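Comments concern the structure below.
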Amino acid sequence: MASTELATERALYIGNTITIAIYGGNLFLYAYSTYLLMTSIKPVQRRSFYICFGGLLLLLLTISATSNVAFGELMWIENRNNPGGPPAFLAANVAAWYNVFGTAADCAANILTDGLLVRSSWPVIVIPAIIYLGSVVMAVMMVIESAMPMSDLWQGLAAQFGISWVALTVGFNIIVTTLIISRLLFFHRRVRSVLTNEQRSTYTGTVAILVESALPFTVLGIAYLVTYIQGVPSATAVGIIWGTFVVLTPQLIILRIASGVAWSRDTGSDITQTTLHFHDNSSYSGSSNMIKKNP
């Protein structure tokens with residue numbers, strides 16, 4: 001029992017430490033994306049939306065990270081000499097208001113992020129949308145149940161709702177990730193003969209596939225689901241880090257939008273038309289030069 005309690009505390013500490021590091025990256029990405037969106041001379045559709053969306057996600061991540069850090073400070077420093085020490089405080093305050101507030105912030109950020117991914121999965125959105133709605137319901141039920149006195153997010157009914165929420169979210173992410181990667185690879189095979197090396201790297205390269213498809217977030221979600229179902233202490237650390245990637249993933253997509261290299265409904269046709277027009281002009285210029293040389 002003591003080893004399990006120690007492992008849980010260690011997982012909470014590791015998760016908080018990694019979260020703070022990623023939070024700094026999120027803060028920079030939001031500031032840089034906002035700068036690019038505000039100063040871009042190119043027209044960016046829904047510029048204000050992406051600035052507000054990224055800011056709201058950063059606010060929710062701040063609430064979540066702060067609640068976890070505050071919980072650790074109260075457990076390890078302020079109340080370490082209470083009867084039972086940190087383990088007793090952990091067991092008695094899992095349903096404390098600040099923990100519930102942090103969990104609600106995580107769920108809200110996930111709902112917003114998956115909503116953005118639903119839009120990215122066009123035109124096949126029916127099945128992902130149904131799963132998305134189911135995950136929203138489970139997330140709300142989990143937050144409500146975790147707020148009950150002496151409730152535990154890792155055990156009982158709250159855990160059942162939590163596992164259902166994570167399972168639906170991971171299933172949704174797998175479907176959307178597969179759709180987006182398939183679309184990128186299909187586009188790559190269809191027009192690779194007319195794309196330049198720079199265009200291939202920008203729109204169908206490894207970085208583009210990882211960011212646009214939210215693949216790291218999906219893989220981390222699978223790891224979280226497995227540890228959550230098993231009920232092992234490491235689920236605490238994985239869950240905290242996964243909650244951070246809930247915000248990091250869309251922020252990277254917004255950065256690509258702000259940089260003008262994100263995928264959109266018109267990207268394929270625009271690139272193809274532009275490249276073909278360039279090749280046609282080059283061929284025409286070459287033919288003209290041949291004619292001039294051989295009157």
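In the structure tokens, each chain is lettered A, B, ... as it comes, each chain's residues begin at 1, and ligands are numbered from 1 in order of appearance.
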
Step one, run DSSP on the backbone; step two, keep only residues of range 72-247 of chain A assigned to alpha helix (DSSP H); then write them as a short mmCIF file (atom, residue, chain, number, x, y, z; two decimals) with N, CA and C atoms, in the first residue's frame.
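Contents of the output file part18.cif:
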data_model
loop_
_atom_site.label_atom_id
_atom_site.label_comp_id
_atom_site.auth_asym_id
_atom_site.auth_seq_id
_atom_site.Cartn_x
_atom_site.Cartn_y
_atom_site.Cartn_z
N GLY A 72 -0.23 19.85 -5.12
CA GLY A 72 1.05 19.34 -4.67
C GLY A 72 1.64 20.18 -3.55
N GLU A 73 1.50 21.49 -3.64
CA GLU A 73 2.04 22.37 -2.60
C GLU A 73 1.32 22.16 -1.27
N GLY A 85 -0.01 12.17 6.99
CA GLY A 85 0.90 12.78 6.04
C GLY A 85 0.31 12.98 4.65
N PRO A 86 1.16 13.15 3.65
CA PRO A 86 0.69 13.37 2.27
C PRO A 86 -0.28 12.31 1.74
N PRO A 87 -0.07 11.00 2.02
CA PRO A 87 -1.03 10.02 1.50
C PRO A 87 -2.45 10.24 2.01
N ALA A 88 -2.58 10.58 3.31
CA ALA A 88 -3.90 10.82 3.87
C ALA A 88 -4.53 12.08 3.25
N PHE A 89 -3.72 13.10 3.05
CA PHE A 89 -4.23 14.33 2.44
C PHE A 89 -4.67 14.05 1.00
N LEU A 90 -3.89 13.26 0.27
CA LEU A 90 -4.24 12.91 -1.11
C LEU A 90 -5.58 12.19 -1.17
N ALA A 91 -5.77 11.22 -0.30
CA ALA A 91 -7.01 10.44 -0.32
C ALA A 91 -8.22 11.28 0.07
N ALA A 92 -8.01 12.25 0.99
CA ALA A 92 -9.13 13.03 1.52
C ALA A 92 -9.50 14.21 0.65
N TRP A 97 -12.40 21.26 -4.32
CA TRP A 97 -12.94 22.12 -5.38
C TRP A 97 -11.89 22.49 -6.42
N TYR A 98 -10.64 22.71 -5.97
CA TYR A 98 -9.60 23.12 -6.94
C TYR A 98 -9.24 21.96 -7.87
N ASN A 99 -9.31 20.73 -7.38
CA ASN A 99 -9.08 19.58 -8.26
C ASN A 99 -10.20 19.42 -9.28
N VAL A 100 -11.43 19.59 -8.82
CA VAL A 100 -12.57 19.51 -9.73
C VAL A 100 -12.50 20.62 -10.76
N PHE A 101 -12.10 21.81 -10.31
CA PHE A 101 -11.97 22.96 -11.22
C PHE A 101 -10.93 22.67 -12.30
N GLY A 102 -9.81 22.08 -11.88
CA GLY A 102 -8.76 21.73 -12.85
C GLY A 102 -9.22 20.66 -13.82
N THR A 103 -9.94 19.67 -13.31
CA THR A 103 -10.47 18.61 -14.18
C THR A 103 -11.46 19.18 -15.19
N ALA A 104 -12.33 20.08 -14.72
CA ALA A 104 -13.30 20.71 -15.62
C ALA A 104 -12.60 21.52 -16.70
N ALA A 105 -11.50 22.19 -16.34
CA ALA A 105 -10.74 22.96 -17.33
C ALA A 105 -10.14 22.04 -18.38
N ASP A 106 -9.61 20.90 -17.95
CA ASP A 106 -9.06 19.92 -18.89
C ASP A 106 -10.14 19.42 -19.85
N CYS A 107 -11.30 19.10 -19.30
CA CYS A 107 -12.40 18.59 -20.13
C CYS A 107 -12.86 19.65 -21.13
N ALA A 108 -12.97 20.90 -20.67
CA ALA A 108 -13.39 21.98 -21.57
C ALA A 108 -12.39 22.17 -22.70
N ALA A 109 -11.09 22.11 -22.37
CA ALA A 109 -10.07 22.25 -23.41
C ALA A 109 -10.14 21.11 -24.41
N ASN A 110 -10.39 19.89 -23.92
CA ASN A 110 -10.51 18.74 -24.80
C ASN A 110 -11.72 18.85 -25.71
N ILE A 111 -12.83 19.35 -25.17
CA ILE A 111 -14.03 19.54 -25.98
C ILE A 111 -13.77 20.54 -27.10
N LEU A 112 -13.07 21.62 -26.79
CA LEU A 112 -12.75 22.63 -27.80
C LEU A 112 -11.79 22.07 -28.85
N THR A 113 -10.77 21.35 -28.39
CA THR A 113 -9.77 20.80 -29.31
C THR A 113 -10.40 19.78 -30.26
N ASP A 114 -11.19 18.86 -29.72
CA ASP A 114 -11.83 17.87 -30.57
C ASP A 114 -12.84 18.51 -31.52
N GLY A 115 -13.47 19.60 -31.07
CA GLY A 115 -14.37 20.33 -31.96
C GLY A 115 -13.63 20.88 -33.16
N LEU A 116 -12.41 21.38 -32.93
CA LEU A 116 -11.59 21.87 -34.04
C LEU A 116 -11.19 20.73 -34.97
N LEU A 117 -10.90 19.55 -34.40
CA LEU A 117 -10.52 18.40 -35.22
C LEU A 117 -11.71 17.86 -36.01
N VAL A 118 -12.94 18.00 -35.46
CA VAL A 118 -14.13 17.60 -36.21
C VAL A 118 -14.20 18.39 -37.51
N ARG A 119 -13.91 19.68 -37.40
CA ARG A 119 -13.93 20.53 -38.59
C ARG A 119 -12.84 20.11 -39.58
N SER A 120 -11.72 19.60 -39.06
CA SER A 120 -10.62 19.21 -39.93
C SER A 120 -10.87 17.89 -40.64
N VAL A 126 -19.66 12.52 -40.01
CA VAL A 126 -20.82 11.98 -39.29
C VAL A 126 -20.39 11.10 -38.13
N ILE A 127 -19.59 10.08 -38.40
CA ILE A 127 -19.16 9.17 -37.34
C ILE A 127 -18.30 9.88 -36.29
N PRO A 128 -17.28 10.66 -36.69
CA PRO A 128 -16.52 11.40 -35.67
C PRO A 128 -17.40 12.34 -34.84
N ALA A 129 -18.39 12.95 -35.46
CA ALA A 129 -19.26 13.88 -34.73
C ALA A 129 -20.08 13.15 -33.68
N ILE A 130 -20.57 11.95 -34.00
CA ILE A 130 -21.36 11.17 -33.04
C ILE A 130 -20.49 10.77 -31.85
N ILE A 131 -19.26 10.30 -32.14
CA ILE A 131 -18.35 9.92 -31.06
C ILE A 131 -17.99 11.15 -30.23
N TYR A 132 -17.80 12.27 -30.89
CA TYR A 132 -17.47 13.52 -30.21
C TYR A 132 -18.56 13.91 -29.22
N LEU A 133 -19.81 13.83 -29.63
CA LEU A 133 -20.93 14.17 -28.75
C LEU A 133 -20.98 13.22 -27.55
N GLY A 134 -20.70 11.94 -27.80
CA GLY A 134 -20.67 10.98 -26.70
C GLY A 134 -19.58 11.30 -25.70
N SER A 135 -18.41 11.71 -26.19
CA SER A 135 -17.31 12.05 -25.29
C SER A 135 -17.63 13.29 -24.48
N VAL A 136 -18.36 14.24 -25.07
CA VAL A 136 -18.76 15.44 -24.34
C VAL A 136 -19.67 15.08 -23.17
N VAL A 137 -20.62 14.20 -23.43
CA VAL A 137 -21.55 13.77 -22.37
C VAL A 137 -20.79 13.07 -21.25
N MET A 138 -19.88 12.17 -21.59
CA MET A 138 -19.12 11.45 -20.57
C MET A 138 -18.22 12.39 -19.78
N ALA A 139 -17.65 13.39 -20.44
CA ALA A 139 -16.79 14.34 -19.74
C ALA A 139 -17.59 15.13 -18.71
N VAL A 140 -18.78 15.58 -19.10
CA VAL A 140 -19.64 16.34 -18.17
C VAL A 140 -20.04 15.46 -16.99
N MET A 141 -20.41 14.22 -17.26
CA MET A 141 -20.81 13.32 -16.19
C MET A 141 -19.64 13.03 -15.25
N MET A 142 -18.44 12.90 -15.80
CA MET A 142 -17.27 12.64 -14.97
C MET A 142 -16.99 13.80 -14.02
N VAL A 143 -17.07 15.02 -14.55
CA VAL A 143 -16.82 16.20 -13.72
C VAL A 143 -17.85 16.30 -12.61
N ILE A 144 -19.11 16.06 -12.94
CA ILE A 144 -20.18 16.14 -11.93
C ILE A 144 -19.96 15.09 -10.84
N GLU A 145 -19.65 13.87 -11.24
CA GLU A 145 -19.46 12.79 -10.27
C GLU A 145 -18.21 13.02 -9.43
N SER A 146 -17.14 13.55 -10.04
CA SER A 146 -15.90 13.77 -9.30
C SER A 146 -16.04 14.88 -8.27
N GLY A 156 -14.34 3.95 -8.66
CA GLY A 156 -15.78 4.09 -8.56
C GLY A 156 -16.44 4.64 -9.82
N LEU A 157 -17.59 5.26 -9.62
CA LEU A 157 -18.39 5.74 -10.74
C LEU A 157 -17.68 6.84 -11.53
N ALA A 158 -16.98 7.73 -10.83
CA ALA A 158 -16.25 8.79 -11.51
C ALA A 158 -15.21 8.21 -12.46
N ALA A 159 -14.54 7.15 -12.03
CA ALA A 159 -13.54 6.51 -12.88
C ALA A 159 -14.19 5.84 -14.09
N GLN A 160 -15.39 5.27 -13.89
CA GLN A 160 -16.09 4.65 -15.02
C GLN A 160 -16.45 5.69 -16.08
N PHE A 161 -16.95 6.84 -15.62
CA PHE A 161 -17.23 7.93 -16.57
C PHE A 161 -15.93 8.42 -17.21
N GLY A 162 -14.88 8.50 -16.40
CA GLY A 162 -13.60 8.98 -16.92
C GLY A 162 -13.03 8.07 -17.98
N ILE A 163 -13.07 6.77 -17.73
CA ILE A 163 -12.56 5.80 -18.71
C ILE A 163 -13.39 5.87 -19.99
N SER A 164 -14.71 6.00 -19.84
CA SER A 164 -15.57 6.12 -21.03
C SER A 164 -15.24 7.37 -21.82
N TRP A 165 -15.01 8.47 -21.12
CA TRP A 165 -14.65 9.73 -21.78
C TRP A 165 -13.34 9.60 -22.55
N VAL A 166 -12.32 9.06 -21.88
CA VAL A 166 -11.01 8.92 -22.53
C VAL A 166 -11.10 7.94 -23.69
N ALA A 167 -11.85 6.85 -23.51
CA ALA A 167 -11.98 5.86 -24.59
C ALA A 167 -12.64 6.47 -25.82
N LEU A 168 -13.72 7.22 -25.62
CA LEU A 168 -14.39 7.86 -26.75
C LEU A 168 -13.50 8.92 -27.39
N THR A 169 -12.79 9.68 -26.57
CA THR A 169 -11.90 10.70 -27.11
C THR A 169 -10.78 10.07 -27.93
N VAL A 170 -10.18 9.00 -27.41
CA VAL A 170 -9.11 8.32 -28.12
C VAL A 170 -9.64 7.70 -29.41
N GLY A 171 -10.83 7.08 -29.34
CA GLY A 171 -11.42 6.53 -30.56
C GLY A 171 -11.67 7.61 -31.60
N PHE A 172 -12.18 8.74 -31.15
CA PHE A 172 -12.39 9.88 -32.04
C PHE A 172 -11.08 10.33 -32.67
N ASN A 173 -10.03 10.44 -31.84
CA ASN A 173 -8.74 10.90 -32.35
C ASN A 173 -8.14 9.92 -33.35
N ILE A 174 -8.32 8.62 -33.10
CA ILE A 174 -7.80 7.62 -34.04
C ILE A 174 -8.47 7.76 -35.40
N ILE A 175 -9.80 7.92 -35.40
CA ILE A 175 -10.53 8.06 -36.66
C ILE A 175 -10.11 9.32 -37.40
N VAL A 176 -10.08 10.44 -36.69
CA VAL A 176 -9.74 11.72 -37.32
C VAL A 176 -8.29 11.70 -37.81
N THR A 177 -7.38 11.17 -36.98
CA THR A 177 -5.98 11.09 -37.38
C THR A 177 -5.82 10.26 -38.65
N THR A 178 -6.52 9.13 -38.71
CA THR A 178 -6.47 8.28 -39.90
C THR A 178 -7.00 9.00 -41.13
N LEU A 179 -8.11 9.73 -40.97
CA LEU A 179 -8.69 10.47 -42.09
C LEU A 179 -7.73 11.53 -42.62
N ILE A 180 -7.13 12.28 -41.70
CA ILE A 180 -6.25 13.38 -42.11
C ILE A 180 -4.98 12.84 -42.76
N ILE A 181 -4.37 11.80 -42.17
CA ILE A 181 -3.16 11.23 -42.76
C ILE A 181 -3.46 10.64 -44.13
N SER A 182 -4.59 9.97 -44.26
CA SER A 182 -4.98 9.39 -45.55
C SER A 182 -5.14 10.48 -46.60
N ARG A 183 -5.75 11.59 -46.21
CA ARG A 183 -5.94 12.69 -47.14
C ARG A 183 -4.61 13.28 -47.59
N LEU A 184 -3.68 13.46 -46.63
CA LEU A 184 -2.38 14.03 -46.97
C LEU A 184 -1.59 13.10 -47.89
N LEU A 185 -1.62 11.80 -47.58
CA LEU A 185 -0.88 10.84 -48.41
C LEU A 185 -1.51 10.71 -49.79
N PHE A 186 -2.84 10.76 -49.85
CA PHE A 186 -3.52 10.70 -51.15
C PHE A 186 -3.14 11.91 -52.01
N PHE A 187 -3.13 13.07 -51.39
CA PHE A 187 -2.74 14.27 -52.12
C PHE A 187 -1.29 14.17 -52.58
N HIS A 188 -0.43 13.65 -51.71
CA HIS A 188 0.99 13.53 -52.05
C HIS A 188 1.18 12.63 -53.26
N ARG A 189 0.50 11.49 -53.30
CA ARG A 189 0.65 10.57 -54.43
C ARG A 189 0.06 11.15 -55.71
N ARG A 190 -1.01 11.94 -55.57
CA ARG A 190 -1.70 12.43 -56.75
C ARG A 190 -0.93 13.54 -57.46
N VAL A 191 -0.27 14.39 -56.70
CA VAL A 191 0.36 15.56 -57.32
C VAL A 191 1.86 15.64 -57.06
N ASN A 197 10.19 20.31 -54.15
CA ASN A 197 10.64 19.69 -52.90
C ASN A 197 10.16 20.48 -51.69
N GLU A 198 10.15 21.81 -51.81
CA GLU A 198 9.71 22.65 -50.70
C GLU A 198 8.23 22.44 -50.41
N GLN A 199 7.42 22.34 -51.46
CA GLN A 199 5.99 22.12 -51.27
C GLN A 199 5.71 20.75 -50.67
N ARG A 200 6.46 19.73 -51.11
CA ARG A 200 6.27 18.40 -50.53
C ARG A 200 6.61 18.40 -49.05
N SER A 201 7.69 19.09 -48.69
CA SER A 201 8.07 19.15 -47.28
C SER A 201 7.05 19.93 -46.46
N THR A 202 6.51 21.00 -47.04
CA THR A 202 5.59 21.87 -46.30
C THR A 202 4.25 21.21 -46.06
N TYR A 203 3.70 20.57 -47.09
CA TYR A 203 2.33 20.08 -47.00
C TYR A 203 2.20 18.58 -46.75
N THR A 204 3.20 17.79 -47.09
CA THR A 204 3.09 16.34 -46.91
C THR A 204 4.33 15.75 -46.26
N THR A 206 7.02 15.00 -42.94
CA THR A 206 6.81 14.35 -41.64
C THR A 206 6.21 15.31 -40.61
N VAL A 207 6.76 16.53 -40.54
CA VAL A 207 6.26 17.51 -39.58
C VAL A 207 4.80 17.86 -39.88
N ALA A 208 4.48 18.05 -41.14
CA ALA A 208 3.11 18.39 -41.53
C ALA A 208 2.14 17.29 -41.12
N ILE A 209 2.52 16.03 -41.37
CA ILE A 209 1.64 14.91 -41.02
C ILE A 209 1.46 14.81 -39.51
N LEU A 210 2.56 14.96 -38.76
CA LEU A 210 2.48 14.86 -37.30
C LEU A 210 1.59 15.95 -36.71
N VAL A 211 1.74 17.18 -37.19
CA VAL A 211 1.00 18.32 -36.63
C VAL A 211 -0.44 18.31 -37.09
N GLU A 212 -0.66 18.22 -38.40
CA GLU A 212 -2.01 18.32 -38.94
C GLU A 212 -2.90 17.18 -38.46
N SER A 213 -2.33 16.00 -38.28
CA SER A 213 -3.14 14.84 -37.89
C SER A 213 -3.26 14.67 -36.38
N LEU A 215 -1.14 13.35 -34.44
CA LEU A 215 -0.71 11.98 -34.17
C LEU A 215 -0.09 11.81 -32.78
N PRO A 216 0.80 12.71 -32.32
CA PRO A 216 1.36 12.54 -30.97
C PRO A 216 0.28 12.55 -29.88
N PHE A 217 -0.72 13.41 -30.04
CA PHE A 217 -1.81 13.48 -29.08
C PHE A 217 -2.59 12.18 -29.05
N THR A 218 -2.80 11.58 -30.21
CA THR A 218 -3.52 10.31 -30.30
C THR A 218 -2.75 9.19 -29.63
N VAL A 219 -1.45 9.11 -29.91
CA VAL A 219 -0.62 8.05 -29.32
C VAL A 219 -0.57 8.19 -27.80
N LEU A 220 -0.41 9.42 -27.31
CA LEU A 220 -0.39 9.65 -25.87
C LEU A 220 -1.74 9.31 -25.24
N GLY A 221 -2.82 9.58 -25.96
CA GLY A 221 -4.15 9.24 -25.46
C GLY A 221 -4.33 7.74 -25.30
N ILE A 222 -3.78 6.97 -26.23
CA ILE A 222 -3.85 5.51 -26.12
C ILE A 222 -3.11 5.04 -24.87
N ALA A 223 -1.92 5.62 -24.64
CA ALA A 223 -1.15 5.26 -23.46
C ALA A 223 -1.90 5.61 -22.18
N TYR A 224 -2.56 6.77 -22.18
CA TYR A 224 -3.34 7.17 -21.01
C TYR A 224 -4.51 6.23 -20.77
N LEU A 225 -5.20 5.85 -21.83
CA LEU A 225 -6.34 4.95 -21.69
C LEU A 225 -5.92 3.60 -21.11
N VAL A 226 -4.80 3.07 -21.58
CA VAL A 226 -4.32 1.78 -21.09
C VAL A 226 -3.99 1.85 -19.61
N THR A 227 -3.25 2.88 -19.20
CA THR A 227 -2.87 3.01 -17.79
C THR A 227 -4.08 3.33 -16.91
N TYR A 228 -5.04 4.08 -17.45
CA TYR A 228 -6.25 4.42 -16.69
C TYR A 228 -7.08 3.16 -16.41
N ILE A 229 -7.24 2.33 -17.42
CA ILE A 229 -8.00 1.09 -17.25
C ILE A 229 -7.32 0.16 -16.25
N GLN A 230 -6.00 0.09 -16.31
CA GLN A 230 -5.26 -0.77 -15.41
C GLN A 230 -5.24 -0.23 -13.98
N SER A 234 1.06 5.27 -12.53
CA SER A 234 1.61 6.07 -13.63
C SER A 234 0.53 6.75 -14.45
N ALA A 235 -0.72 6.30 -14.32
CA ALA A 235 -1.82 6.95 -15.04
C ALA A 235 -1.94 8.41 -14.65
N THR A 236 -1.58 8.74 -13.42
CA THR A 236 -1.64 10.13 -12.98
C THR A 236 -0.72 11.01 -13.81
N ALA A 237 0.53 10.58 -13.98
CA ALA A 237 1.49 11.35 -14.76
C ALA A 237 1.09 11.43 -16.22
N VAL A 238 0.70 10.29 -16.79
CA VAL A 238 0.32 10.26 -18.21
C VAL A 238 -0.90 11.13 -18.45
N GLY A 239 -1.87 11.09 -17.51
CA GLY A 239 -3.08 11.89 -17.67
C GLY A 239 -2.79 13.38 -17.61
N ILE A 240 -1.90 13.79 -16.71
CA ILE A 240 -1.56 15.20 -16.60
C ILE A 240 -0.87 15.68 -17.88
N ILE A 241 0.06 14.88 -18.38
CA ILE A 241 0.78 15.25 -19.61
C ILE A 241 -0.17 15.25 -20.80
N TRP A 242 -1.05 14.27 -20.87
CA TRP A 242 -2.05 14.21 -21.95
C TRP A 242 -2.91 15.47 -21.93
N GLY A 243 -3.28 15.92 -20.73
CA GLY A 243 -4.08 17.14 -20.62
C GLY A 243 -3.35 18.35 -21.17
N THR A 244 -2.03 18.36 -21.06
CA THR A 244 -1.24 19.45 -21.62
C THR A 244 -1.23 19.39 -23.14
N PHE A 245 -1.15 18.19 -23.70
CA PHE A 245 -1.16 18.03 -25.15
C PHE A 245 -2.52 18.38 -25.74
N VAL A 246 -3.56 18.36 -24.91
CA VAL A 246 -4.88 18.80 -25.37
C VAL A 246 -4.81 20.23 -25.90
N VAL A 247 -3.95 21.03 -25.29
CA VAL A 247 -3.80 22.43 -25.70
C VAL A 247 -2.65 22.60 -26.70
#

Query raised in the report: Near Ala7 in chain A, within 8 Å and counting only C-alpha atoms, which residues show up once chain neighbours fewer than 4 positions away are dropped, as a ChimeraX atom specification?
Result: /A:3,11,233-234

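Comparing the minimum interatomic distances between Leu29 in chain A and each of A:Ile14, A:Leu58, A:Met75, A:Met150, counting only C-alpha atoms, we find that A:Leu58 sits nearest.
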
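Here CA of Ala147 in chain A and CA of Arg10 in chain A stand 24.1 Å from one another.
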
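The smallest atom-to-atom distance between Ile253 in chain A and any of A:Ala214, A:Ala95, A:Ser151, A:Leu36, using only C-alpha atoms, is found for A:Ala214.
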
Would you give me, as a Markdown table, each residue of range 46-75 of chain A having an atom within 12 Å of an atom of range 17-21 of chain A, along with its shortest atom pair and that distance in Å to one decimal, using only C-alpha atoms and sorting by chain and residue number?
| residue | atom | partner | partner_atom | distance |
| --- | --- | --- | --- | --- |
| A:Leu61 | CA | A:Thr19 | CA | 9.5 |
| A:Thr62 | CA | A:Ile20 | CA | 9.6 |
| A:Ser64 | CA | A:Thr19 | CA | 9.8 |
| A:Ala65 | CA | A:Thr19 | CA | 7.0 |
| A:Thr66 | CA | A:Ile20 | CA | 9.4 |
| A:Ser67 | CA | A:Thr19 | CA | 11.9 |
| A:Asn68 | CA | A:Thr19 | CA | 9.6 |
| A:Val69 | CA | A:Thr17 | CA | 9.0 |
| A:Gly72 | CA | A:Thr17 | CA | 10.9 |

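Atom pair CA of Gln155 in chain A / CA of Phe71 in chain A has a distance of 18.7 Å (rounded to one decimal).
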
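Going from CA of Leu248 in chain A over to CA of Asn93 in chain A, you cover 28.4 Å.
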